[in-house]
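Engineer: Here it is: the structure, laid out below.
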Amino acid sequence: MSEIRHLILTGADGYIGSRLLARALSQGFSVSLLSRRSAEPQQDRVRRLPWTLGAKLPPAALDPTVPAGQQALIHLAHDWSDTRPGPAEGSANFDGTSALLQACRAAGLGRFVFVSSQSARPDAANVYGRVKWRIEQVLAGDREVSARVGLVYGGPPRAMFGLLNRLTARLPVLPMIDPWREVQPIHIDEVCEGLLRLAAGTGGGWCGLAGPAGVPFGDFLRSLARELHGRRLRILPIPLRFALLACDILGRLPFGPKPDRERILGLAGTRPMECAAHLRALDLTVAPLADGLRREPASRKAMLAEGRALLAYVLRARPGRALLVRYVRALDGAGPMPLNGLLRRVPRLLCLAEACAAGTPLAQRLALAVALAEASPEGEHALAAGSRTTRLGWLACDLALDAVLLPFRMIIARRIGRSR
Amino acid sequence: MTEPVIIVGSGPAGISAAWPLLEAGVAVLMLDASPAHRLPSPPQGDITALRSDPNRWAAQFGADLGGLSAMGDISPKLTTPLTRAALAGYADSIGVSAQDFLVFGSLGAGGLSTVWGGVAAVYDDTDLRGFPFPRSELLPSYDIVKRRIGVSVVAPSGGVNVVAPSGALSVVAPSGAPGTVAPSGAGATHGPRLTPPLQRIVDAAARRTLPANVEIEPATNAVLLEDRDGRGACVNCGLCLWGCHRGSIYASNQELPALRGFPHFTYRPGARARRLLPSADRPGVEVEERGVRMTVTGQRVLLACGAIPTTALVLQCLGASAAPVRLLTNPVAAMAFLVPSLVGASLPQESFALGQLTYRVSLAENHRAEGMLYGADALPLAAVAHRLPLSRPVALRLSRALAPALVLATCYLPGSFSANTILRDGDGADAVLRIEGARTAAADAGMRAARRQLGRALSRMGAYPLPGSLAFSPPGADGHYAGTLPMGGAGPLGTDLCGGLNTLPGVHAVDGAVLSDLPAKHCTLTIMANADRIARRLVHEGSVVAAASGR
């Protein structure tokens with residue numbers, strides 16, 4: 001197969017599509033976007049053409065200077081309003097995709113990549129999974145391939161990731177169905193890289209783009225809460241029927257999150273997908289969930305918030321930016337630890353949370369904060385300020401307060417010891 | 001052309017053995033495994049400037065902040081950028097697998113002396129009772145080495161420093177006034193000084209008598225009092241912990257330029273001894289240099305690469321050892337004392353972070369425990385705060401209040417209280433040197449007895465022991481590895497009075513491996529003096545010949 005130089009993207013305004021566009025451009029592809037949106041200021045190497053699912057492939061989508069065999073189409077667009085049950089034939093998604101596929105075949109395109117889902121099955125619980133499976137059946141030959149994508153996280157907080165991100169950022173307890181069901185998370189950048197490699201590669205059938213190891217969905221959500229928001233999340237298992245009812249009720253309220261019934265059913269019907277061999281064939285490494293999350297800007301923000309609280313507690317003054325950045329650097333890729341929002345706002349209360357037991361994550365990070373604070377101008381100022389009498393006076397008060405708080409701290413230490 | 005004497009290692013023993021040979025006209029080839037990497041530069045200025053320096057973190061933890069992850073119950077010195085860089089990867093590179101034992105060493109030029117604590121202790125008659133030669137044979141070498149490296153006694157605050165007395169152990173009155181005078185008669189106006197809590201102890205000692213079984217005196221350190229040979233005099237900058245930017249504290253690599261001034265001295269950095277080739281007339285060493293193996297031969301081979309690597313080379317040459325070999329170390333513990341009147345005082349503007357006073361405690365059965373007393377004002381407070389069972393902000397503030405009032409003591413027991421073994425396991429490239437660390441059952445009781453007696457003595461002088469502050473370090477933490485190839489010992493691992501291996505002709509060990517015994521003292525100065533003694537004796541006996549005279 002000849003080298004792919006031009007890409008045609010559908011759904012490029014979506015969660016994955018917009019990230020994929022940026023990555024494709026950074027890798028030197030020229031791109032035509034088939035989009036419902038009207039034309040925007042043209043970027044270099046990008047052409048935006050009006051198109052909706054079901055419409056014909058605009059001839060201008062192809063780059064006349066590049067042989068058709070060196071052009072590929074990645075089809076991400078999906079009409080979420082099309083949720084009618086029954087056979088896929090006749091649905092906007094099936095018919096639209098089939099028409100697009102036929103046009104690509106007619107134009108002699110080098111590659112057609114259909115973005116499908118881990119839930120693609122003939123007996124999938126949701127319409128989405130059944131339609132995706134049905135579309136896969138019309139792909140043929142080794143120029144047409146389907147990418148079954150796992151649970152995508154990272155990047156801008158949109159789509160399913162956006163919803164889960166919002167929920168885990170706000171709720172102390174998250175009701176959910178079947179938290180033990182395993183999902184296969186993959187970072188959005190890994191998905192985009194996988195799609196580009198599929199577009200540039202050969203071979204038909206389907207290819208799994210997902211984490212090779214399953215993660216219980218409850219753990220996935222807890223990781224989101226911890227790594228992106230520095231929070232501890234509790235999961236309340238609920239029956240599927242109750243979840244669907246809650247989803248309907250929330251959908252009718254004028255405020256609050258709007259969980260999608262289709263997506264809930266998709267998660268409820270997720271089954272393990274063997275994809276390690278696919279990833280190897282693509283030479284694509286999927287990072288463990290925690291590592292992927294720690295690359296997110298939100299994770300760094302949570303680390304800075306944690307550092308601000310711990311250093312302010314130790315210093316009893318606002319730490320400077322340089323000290324905060326050093327705190328994050330010193331933890332070298334470790335994610336934030338769960339820290340109650342109240343403790344973040346009022347760091348002095350950490351004197352209650354700070355258990356007597358050594359070896360807890362809080363104790364370890366406080367030891368780090370102490371070392372860094374001492375070795376900073378802020379620390380020197382905090383420790384050397386005042387006369388000897390003043391310093392000793394405050395120290396006596398501190399020691400008296402510590403003595404009063406000791407029983408509370410010991411109780412907390414014992415509780416932590418029990419829960420560990 | 002006469003063949004050279006091959007010296008393996010550029011640490012204190014190797015350098016000390018090289019001097020008398022070169023001065024006698026004997027050609028020397030020094031093989032040094034030193035890797036190409038440079039050690040990080042120590043911080044400049046002084047402790048007061050460092051405390052408010054925005055880049056203090058880099059000086060303290062390294063630009064990579066790696067010192068933070070090394071923190072914990074270990075000595076704060078081991079977390080400094082210089083020490084971490086000097087010690088990095090040592091155990092792996094020499095193929096040691098250690099259990100319950102800390103292996104320190106450095107493949108860099110100067111070896112472990114580049115991070116030396118500088119304590120320059122002289123063994124007395126009691127210390128040398130297990131050695132196969134009289135003390136009088138070692139005393140001239142002590143003098144020579146002390147003059148060469150520059151040794152001084154810590155002076156009382158406002159007093160005058162003196163060069164350490166030569167020959168005999170310094171005799172110092174309890175008042176802290178050294179019992180000797182400086183060679184110039186005037187002494188240096190600056191140099192290591194006692195910090196306030198240690199000064200209080202010395203002042204009190206002038207008024208009260210110490211218990212009969214405890215002796216305390218100002219410490220003798222390998223620290224310069226005047227600028228010399230590119231090294232600067234100690235100015236009490238207090239940065240000793242992070243490495244002396246003035247070069248006041250001795251490290252043996254400081255002497256390499258002077259040695260290179262001898263036309264018959266050849267220094268080969270990056271040349272690592274891989275195998276000994278014993279021979280009565282032309283012993284040699286198989287050397288690996290830039291990945292290439294070659295053989296060098298000479299009149300004699302002097303092993304001076306540190307007790308553990310030296311032992312490894314000998315065991316490799318003798319074949320896999322059937323029985324574990326005894327490895328002496330000094331069981332060591334740390335303890336803290338407090339001078340209450342100084343609590344909360346401002347930290348002193350200048351400081352000296354090496355040993356300031358040395359003490360000796362008599363134990364049962366003629367044993368002695370010895371150690372050094374240090375101030376804590378120049379230490380990172382996090383190391384002290386770490387041990388206080390308080391909330392962290394209070395622990396940090398209390399540490400700061402205690403720092404000017406703390407006296408930290410190390411306490412060493414004789415090597416006979418250690419029960420470490422070293423064993424070469426396997427053969428060929430897969431061979432591993434297994435070290436198992438342990439101390440005898442009597443060590444704990446001995447250490448507690450030493451603490452009790454020292455505590456009683458210091459309490460009389462206004463420094464009170466802090467409860468719960470006695471902390472044992474793991475075996476090997478002292479870094480005093482010795483006694484594997486003892487002088488006067490029988491069998492294949494024994495050596496003669498010149499460190500010559502009983503069964504490996506032409507091969508001598510001249511480092512800590514040949515110490516016949518390990519008293520409760522810092523052994524570096526004795527290792528240097530013994531290396532000097534051996535080299536002189538080899539020249540004197542005609543075992544090695546000068547380049548000019550031919551063979």
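Please note that chains go A, B, ... in the order of the structure tokens, that every chain numbers its residues from 1, and that ligands are numbered from 1 in the order shown.
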Return as JSON lines the residues of chain B lying at most 8 Å from chain A, together with the closest atom-to-atom pair for each and the distance in Å to one decimal, counting only C-alpha atoms, with rows in chain order and ascending residue number.
Structural biologist:
{"residue": "B:Arg51", "atom": "CA", "partner": "A:Glu380", "partner_atom": "CA", "distance": 6.5}
{"residue": "B:Ser52", "atom": "CA", "partner": "A:Pro377", "partner_atom": "CA", "distance": 5.1}
{"residue": "B:Asp53", "atom": "CA", "partner": "A:Pro377", "partner_atom": "CA", "distance": 6.6}
{"residue": "B:Pro54", "atom": "CA", "partner": "A:Pro377", "partner_atom": "CA", "distance": 5.8}
{"residue": "B:Asn55", "atom": "CA", "partner": "A:Ser376", "partner_atom": "CA", "distance": 7.7}
{"residue": "B:Arg56", "atom": "CA", "partner": "A:Ala375", "partner_atom": "CA", "distance": 5.7}
{"residue": "B:Trp57", "atom": "CA", "partner": "A:Ala375", "partner_atom": "CA", "distance": 5.2}
{"residue": "B:Gln60", "atom": "CA", "partner": "A:Ala375", "partner_atom": "CA", "distance": 7.5}
{"residue": "B:Leu65", "atom": "CA", "partner": "A:Ala330", "partner_atom": "CA", "distance": 6.0}
{"residue": "B:Gly66", "atom": "CA", "partner": "A:Ala330", "partner_atom": "CA", "distance": 7.9}
{"residue": "B:Leu68", "atom": "CA", "partner": "A:Leu368", "partner_atom": "CA", "distance": 7.0}
{"residue": "B:Gly344", "atom": "CA", "partner": "A:Arg388", "partner_atom": "CA", "distance": 5.8}
{"residue": "B:Ala345", "atom": "CA", "partner": "A:Arg388", "partner_atom": "CA", "distance": 6.0}
{"residue": "B:Ser346", "atom": "CA", "partner": "A:Arg388", "partner_atom": "CA", "distance": 7.1}
{"residue": "B:Pro380", "atom": "CA", "partner": "A:Glu374", "partner_atom": "CA", "distance": 7.8}
{"residue": "B:Leu381", "atom": "CA", "partner": "A:Glu374", "partner_atom": "CA", "distance": 7.2}
{"residue": "B:Ala382", "atom": "CA", "partner": "A:Ala371", "partner_atom": "CA", "distance": 5.2}
{"residue": "B:His386", "atom": "CA", "partner": "A:Ala367", "partner_atom": "CA", "distance": 7.2}
{"residue": "B:Pro389", "atom": "CA", "partner": "A:Cys356", "partner_atom": "CA", "distance": 7.2}
{"residue": "B:Leu390", "atom": "CA", "partner": "A:Asp402", "partner_atom": "CA", "distance": 6.8}
{"residue": "B:Ser391", "atom": "CA", "partner": "A:Cys351", "partner_atom": "CA", "distance": 6.3}
{"residue": "B:Arg392", "atom": "CA", "partner": "A:Val314", "partner_atom": "CA", "distance": 6.5}
{"residue": "B:Pro393", "atom": "CA", "partner": "A:Val314", "partner_atom": "CA", "distance": 4.5}
{"residue": "B:Val394", "atom": "CA", "partner": "A:Asp398", "partner_atom": "CA", "distance": 6.2}
{"residue": "B:Leu396", "atom": "CA", "partner": "A:Val370", "partner_atom": "CA", "distance": 7.1}
{"residue": "B:Arg397", "atom": "CA", "partner": "A:Leu383", "partner_atom": "CA", "distance": 6.4}
{"residue": "B:Leu398", "atom": "CA", "partner": "A:Leu395", "partner_atom": "CA", "distance": 6.9}
{"residue": "B:Arg400", "atom": "CA", "partner": "A:Leu383", "partner_atom": "CA", "distance": 6.9}
{"residue": "B:Ala401", "atom": "CA", "partner": "A:Leu392", "partner_atom": "CA", "distance": 7.6}
Engineer: Restricting it to N, CA and C atoms, dump the selection as a compact mmCIF listing (two decimals), in the first residue's frame.
Structural biologist:
# COMPACT_ATOMS: atom_id res chain seq x y z
N ARG B 51 20.96 29.59 54.31
CA ARG B 51 19.63 29.47 54.91
C ARG B 51 18.60 30.32 54.19
N SER B 52 18.99 31.49 53.69
CA SER B 52 18.00 32.35 53.03
C SER B 52 18.19 32.38 51.52
N ASP B 53 19.03 31.48 51.01
CA ASP B 53 19.26 31.41 49.56
C ASP B 53 18.04 30.77 48.87
N PRO B 54 17.47 31.45 47.85
CA PRO B 54 16.32 30.84 47.16
C PRO B 54 16.66 29.50 46.53
N ASN B 55 17.93 29.27 46.26
CA ASN B 55 18.32 27.99 45.65
C ASN B 55 18.86 27.00 46.67
N ARG B 56 18.55 27.22 47.93
CA ARG B 56 19.03 26.31 48.97
C ARG B 56 18.57 24.88 48.71
N TRP B 57 17.35 24.75 48.18
CA TRP B 57 16.82 23.41 47.91
C TRP B 57 17.76 22.62 47.00
N GLN B 60 20.74 21.47 48.84
CA GLN B 60 20.41 20.48 49.86
C GLN B 60 19.96 19.14 49.28
N LEU B 65 16.24 16.89 42.93
CA LEU B 65 15.50 16.72 44.17
C LEU B 65 15.63 15.28 44.71
N GLY B 66 16.62 14.57 44.22
CA GLY B 66 16.77 13.16 44.59
C GLY B 66 17.05 12.96 46.07
N LEU B 68 15.54 14.16 48.45
CA LEU B 68 14.29 14.06 49.22
C LEU B 68 13.85 12.61 49.36
N GLY B 344 15.94 27.73 71.75
CA GLY B 344 15.28 28.91 71.20
C GLY B 344 16.23 30.01 70.79
N ALA B 345 17.52 29.85 71.06
CA ALA B 345 18.49 30.88 70.66
C ALA B 345 18.56 30.96 69.13
N SER B 346 19.03 32.10 68.64
CA SER B 346 19.22 32.22 67.19
C SER B 346 20.34 31.28 66.77
N PRO B 380 20.09 20.01 58.37
CA PRO B 380 18.71 20.26 57.96
C PRO B 380 17.77 19.86 59.11
N LEU B 381 16.82 20.73 59.42
CA LEU B 381 15.96 20.47 60.58
C LEU B 381 15.00 19.31 60.32
N ALA B 382 14.70 19.07 59.04
CA ALA B 382 13.73 18.00 58.74
C ALA B 382 14.19 16.68 59.35
N HIS B 386 11.74 14.89 61.91
CA HIS B 386 11.27 13.56 61.54
C HIS B 386 11.11 12.66 62.77
N PRO B 389 7.49 13.22 67.83
CA PRO B 389 6.11 12.74 67.69
C PRO B 389 5.09 13.87 67.88
N LEU B 390 5.19 14.88 67.05
CA LEU B 390 4.29 16.03 67.16
C LEU B 390 3.67 16.29 65.80
N SER B 391 2.73 17.23 65.76
CA SER B 391 2.23 17.61 64.44
C SER B 391 3.39 18.28 63.70
N ARG B 392 3.37 18.20 62.37
CA ARG B 392 4.56 18.60 61.60
C ARG B 392 4.96 20.08 61.78
N PRO B 393 4.00 21.02 61.76
CA PRO B 393 4.45 22.41 61.93
C PRO B 393 5.11 22.62 63.29
N VAL B 394 4.59 21.95 64.32
CA VAL B 394 5.16 22.12 65.65
C VAL B 394 6.51 21.40 65.73
N LEU B 396 8.59 20.99 63.33
CA LEU B 396 9.58 21.81 62.62
C LEU B 396 10.03 22.99 63.48
N ARG B 397 9.06 23.63 64.13
CA ARG B 397 9.41 24.79 64.98
C ARG B 397 10.19 24.37 66.21
N LEU B 398 9.82 23.23 66.77
CA LEU B 398 10.57 22.75 67.93
C LEU B 398 12.00 22.37 67.51
N ARG B 400 13.72 23.73 65.21
CA ARG B 400 14.48 24.97 65.05
C ARG B 400 14.89 25.52 66.43
N ALA B 401 13.98 25.38 67.39
CA ALA B 401 14.31 25.86 68.73
C ALA B 401 15.39 25.00 69.37
Engineer: When you look at A:Leu151 with a cut-off of 12 Å (counting only C-alpha atoms), what residues show up, excluding the ones that are within fewer than 3 positions of it in the same chain? I need them as number ranges by chain.
Structural biologist: A: 16, 116-119, 148, 154, 159-161, 164, 182-188, 190-191, 208-217, 220-221, 263, 266-267, 270-273, 289
Engineer: For A:Asp260, which of A:Asn126, A:His278, A:Leu73, A:Ser18 is the closest residue, counting only C-alpha atoms?
Structural biologist: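 With only C-alpha atoms as the atom set, the closest residue is A:Asn126.
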Engineer: I want to know what sits within 8 Å of A:Val66, based on only C-alpha atoms, with residues of the same chain fewer than 3 positions away left out; could you give that as a PyMOL selection string?
Structural biologist: chain A and resi 5-6+63+70-71
Engineer: Keeping only C-alpha atoms, write those residues as a PDB file, in the first residue's frame.
Structural biologist:
ATOM      1  CA  ARG A   5      -0.717  11.665   2.887  1.00  0.00           C
ATOM      2  CA  HIS A   6      -4.201  13.123   3.039  1.00  0.00           C
ATOM      3  CA  ASP A  63      -6.974  16.341  -2.431  1.00  0.00           C
ATOM      4  CA  GLN A  70      -2.780   7.826  -0.748  1.00  0.00           C
ATOM      5  CA  GLN A  71      -5.845   9.269   0.932  1.00  0.00           C
TER       6      GLN A  71
END
Engineer: Within 8 Å of stretch 192-195 of chain B, counting only C-alpha atoms, which residues show up once you throw out same-chain ones fewer than 4 positions away? Write them as an mmCIF file with N, CA and C atoms, in the first residue's frame, please.
Structural biologist:
data_model
loop_
_atom_site.group_PDB
_atom_site.id
_atom_site.type_symbol
_atom_site.label_atom_id
_atom_site.label_comp_id
_atom_site.auth_asym_id
_atom_site.auth_seq_id
_atom_site.Cartn_x
_atom_site.Cartn_y
_atom_site.Cartn_z
ATOM 1 N N VAL B 153 43.131 20.733 65.563
ATOM 2 C CA VAL B 153 42.268 20.464 66.720
ATOM 3 C C VAL B 153 41.209 21.555 66.762
ATOM 4 N N VAL B 154 39.979 21.169 67.051
ATOM 5 C CA VAL B 154 38.905 22.157 67.155
ATOM 6 C C VAL B 154 39.185 23.045 68.365
ATOM 7 N N ALA B 155 39.111 24.353 68.151
ATOM 8 C CA ALA B 155 39.489 25.285 69.205
ATOM 9 C C ALA B 155 38.268 25.768 69.968
ATOM 10 N N PRO B 156 38.485 26.208 71.204
ATOM 11 C CA PRO B 156 37.365 26.813 71.928
ATOM 12 C C PRO B 156 36.947 28.103 71.231
ATOM 13 N N SER B 157 35.712 28.488 71.428
ATOM 14 C CA SER B 157 35.234 29.727 70.842
ATOM 15 C C SER B 157 36.104 30.880 71.342
ATOM 16 N N ASN B 161 43.431 28.199 67.258
ATOM 17 C CA ASN B 161 43.577 26.842 66.741
ATOM 18 C C ASN B 161 45.038 26.442 66.684
ATOM 19 N N GLN B 199 30.756 24.259 73.386
ATOM 20 C CA GLN B 199 31.565 25.163 74.204
ATOM 21 C C GLN B 199 31.088 25.123 75.659
ATOM 22 N N VAL B 223 41.539 18.912 58.815
ATOM 23 C CA VAL B 223 41.023 20.197 58.339
ATOM 24 C C VAL B 223 42.157 21.218 58.391
ATOM 25 N N CYS B 234 40.040 26.446 56.815
ATOM 26 C CA CYS B 234 38.662 26.375 57.310
ATOM 27 C C CYS B 234 38.260 27.743 57.863
ATOM 28 N N VAL B 235 37.089 28.237 57.434
ATOM 29 C CA VAL B 235 36.625 29.532 57.940
ATOM 30 C C VAL B 235 35.309 29.376 58.705
ATOM 31 N N ASN B 236 35.026 28.169 59.161
ATOM 32 C CA ASN B 236 33.792 27.923 59.920
ATOM 33 C C ASN B 236 32.550 28.320 59.140
ATOM 34 N N PRO B 348 23.738 30.145 65.240
ATOM 35 C CA PRO B 348 24.990 30.895 65.130
ATOM 36 C C PRO B 348 25.298 31.264 63.679
ATOM 37 N N SER B 351 29.669 28.174 61.803
ATOM 38 C CA SER B 351 29.541 26.860 62.426
ATOM 39 C C SER B 351 30.596 25.909 61.864
ATOM 40 N N PHE B 352 30.736 24.801 62.549
ATOM 41 C CA PHE B 352 31.641 23.747 62.090
ATOM 42 C C PHE B 352 30.887 22.433 62.266
ATOM 43 N N GLN B 356 33.332 17.827 66.875
ATOM 44 C CA GLN B 356 33.946 18.925 67.642
ATOM 45 C C GLN B 356 34.650 18.424 68.902
ATOM 46 N N GLY B 375 27.553 19.471 66.786
ATOM 47 C CA GLY B 375 26.442 20.401 66.939
ATOM 48 C C GLY B 375 25.370 20.055 65.918
#
Engineer: With a distance cut-off of 6 Å and only C-alpha atoms, select the neighbouring residues of stretch 21-34 of chain B, excluding the residue or stretch itself and same-chain residues fewer than 2 positions from it, and output the selection as number ranges by chain.
Structural biologist: B: 4-10, 18-19, 107-109, 264-272, 545-547
Engineer: Using only N, CA and C atoms, please write the residues we just selected to a file, as an mmCIF file, in the first residue's frame.
Structural biologist:
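Full text of result15.cif as output:
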data_model
loop_
_atom_site.group_PDB
_atom_site.id
_atom_site.type_symbol
_atom_site.label_atom_id
_atom_site.label_comp_id
_atom_site.auth_asym_id
_atom_site.auth_seq_id
_atom_site.Cartn_x
_atom_site.Cartn_y
_atom_site.Cartn_z
ATOM 1 N N PRO B 4 57.247 -0.663 37.492
ATOM 2 C CA PRO B 4 56.708 0.131 38.591
ATOM 3 C C PRO B 4 56.068 -0.755 39.662
ATOM 4 N N VAL B 5 55.802 -0.134 40.782
ATOM 5 C CA VAL B 5 54.924 -0.751 41.776
ATOM 6 C C VAL B 5 53.509 -0.365 41.385
ATOM 7 N N ILE B 6 52.645 -1.350 41.299
ATOM 8 C CA ILE B 6 51.271 -1.060 40.876
ATOM 9 C C ILE B 6 50.437 -0.813 42.131
ATOM 10 N N ILE B 7 49.783 0.321 42.186
ATOM 11 C CA ILE B 7 48.880 0.611 43.303
ATOM 12 C C ILE B 7 47.462 0.635 42.746
ATOM 13 N N VAL B 8 46.583 -0.166 43.320
ATOM 14 C CA VAL B 8 45.196 -0.224 42.856
ATOM 15 C C VAL B 8 44.362 0.668 43.771
ATOM 16 N N GLY B 9 43.921 1.807 43.264
ATOM 17 C CA GLY B 9 43.067 2.707 44.036
ATOM 18 C C GLY B 9 43.757 4.012 44.382
ATOM 19 N N SER B 10 42.965 5.094 44.350
ATOM 20 C CA SER B 10 43.520 6.423 44.642
ATOM 21 C C SER B 10 42.929 6.985 45.928
ATOM 22 N N ALA B 18 51.775 5.686 47.947
ATOM 23 C CA ALA B 18 52.510 6.188 46.787
ATOM 24 C C ALA B 18 53.628 7.152 47.188
ATOM 25 N N TRP B 19 53.333 8.021 48.180
ATOM 26 C CA TRP B 19 54.309 9.072 48.537
ATOM 27 C C TRP B 19 55.696 8.512 48.878
ATOM 28 N N LEU B 107 33.678 4.806 43.421
ATOM 29 C CA LEU B 107 34.664 4.468 42.391
ATOM 30 C C LEU B 107 35.388 5.720 41.906
ATOM 31 N N GLY B 108 34.940 6.895 42.355
ATOM 32 C CA GLY B 108 35.546 8.150 41.913
ATOM 33 C C GLY B 108 36.962 8.306 42.452
ATOM 34 N N ALA B 109 37.735 9.196 41.805
ATOM 35 C CA ALA B 109 39.098 9.462 42.277
ATOM 36 C C ALA B 109 39.029 9.939 43.724
ATOM 37 N N HIS B 264 58.259 9.777 37.622
ATOM 38 C CA HIS B 264 58.105 8.315 37.601
ATOM 39 C C HIS B 264 56.752 7.874 38.173
ATOM 40 N N PHE B 265 55.795 8.809 38.170
ATOM 41 C CA PHE B 265 54.431 8.450 38.607
ATOM 42 C C PHE B 265 53.517 8.420 37.393
ATOM 43 N N THR B 266 52.781 7.343 37.243
ATOM 44 C CA THR B 266 51.807 7.228 36.146
ATOM 45 C C THR B 266 50.439 6.991 36.757
ATOM 46 N N TYR B 267 49.499 7.810 36.350
ATOM 47 C CA TYR B 267 48.138 7.699 36.880
ATOM 48 C C TYR B 267 47.230 7.279 35.742
ATOM 49 N N ARG B 268 46.511 6.177 35.940
ATOM 50 C CA ARG B 268 45.613 5.710 34.875
ATOM 51 C C ARG B 268 44.178 5.685 35.374
ATOM 52 N N PRO B 269 43.454 6.831 35.184
ATOM 53 C CA PRO B 269 42.046 6.850 35.578
ATOM 54 C C PRO B 269 41.233 5.991 34.620
ATOM 55 N N GLY B 270 40.145 5.455 35.099
ATOM 56 C CA GLY B 270 39.288 4.624 34.253
ATOM 57 C C GLY B 270 39.829 3.223 34.052
ATOM 58 N N ALA B 271 40.919 2.878 34.766
ATOM 59 C CA ALA B 271 41.501 1.533 34.638
ATOM 60 C C ALA B 271 41.094 0.719 35.859
ATOM 61 N N ARG B 272 40.270 -0.260 35.639
ATOM 62 C CA ARG B 272 39.693 -1.011 36.740
ATOM 63 C C ARG B 272 40.358 -2.372 36.858
ATOM 64 N N VAL B 545 62.600 -1.564 44.240
ATOM 65 C CA VAL B 545 63.826 -0.824 43.925
ATOM 66 C C VAL B 545 63.502 0.424 43.123
ATOM 67 N N ALA B 546 64.351 1.396 43.297
ATOM 68 C CA ALA B 546 64.135 2.682 42.642
ATOM 69 C C ALA B 546 64.424 2.582 41.158
ATOM 70 N N ALA B 547 63.765 3.445 40.395
ATOM 71 C CA ALA B 547 63.925 3.440 38.942
ATOM 72 C C ALA B 547 65.370 3.709 38.556
#
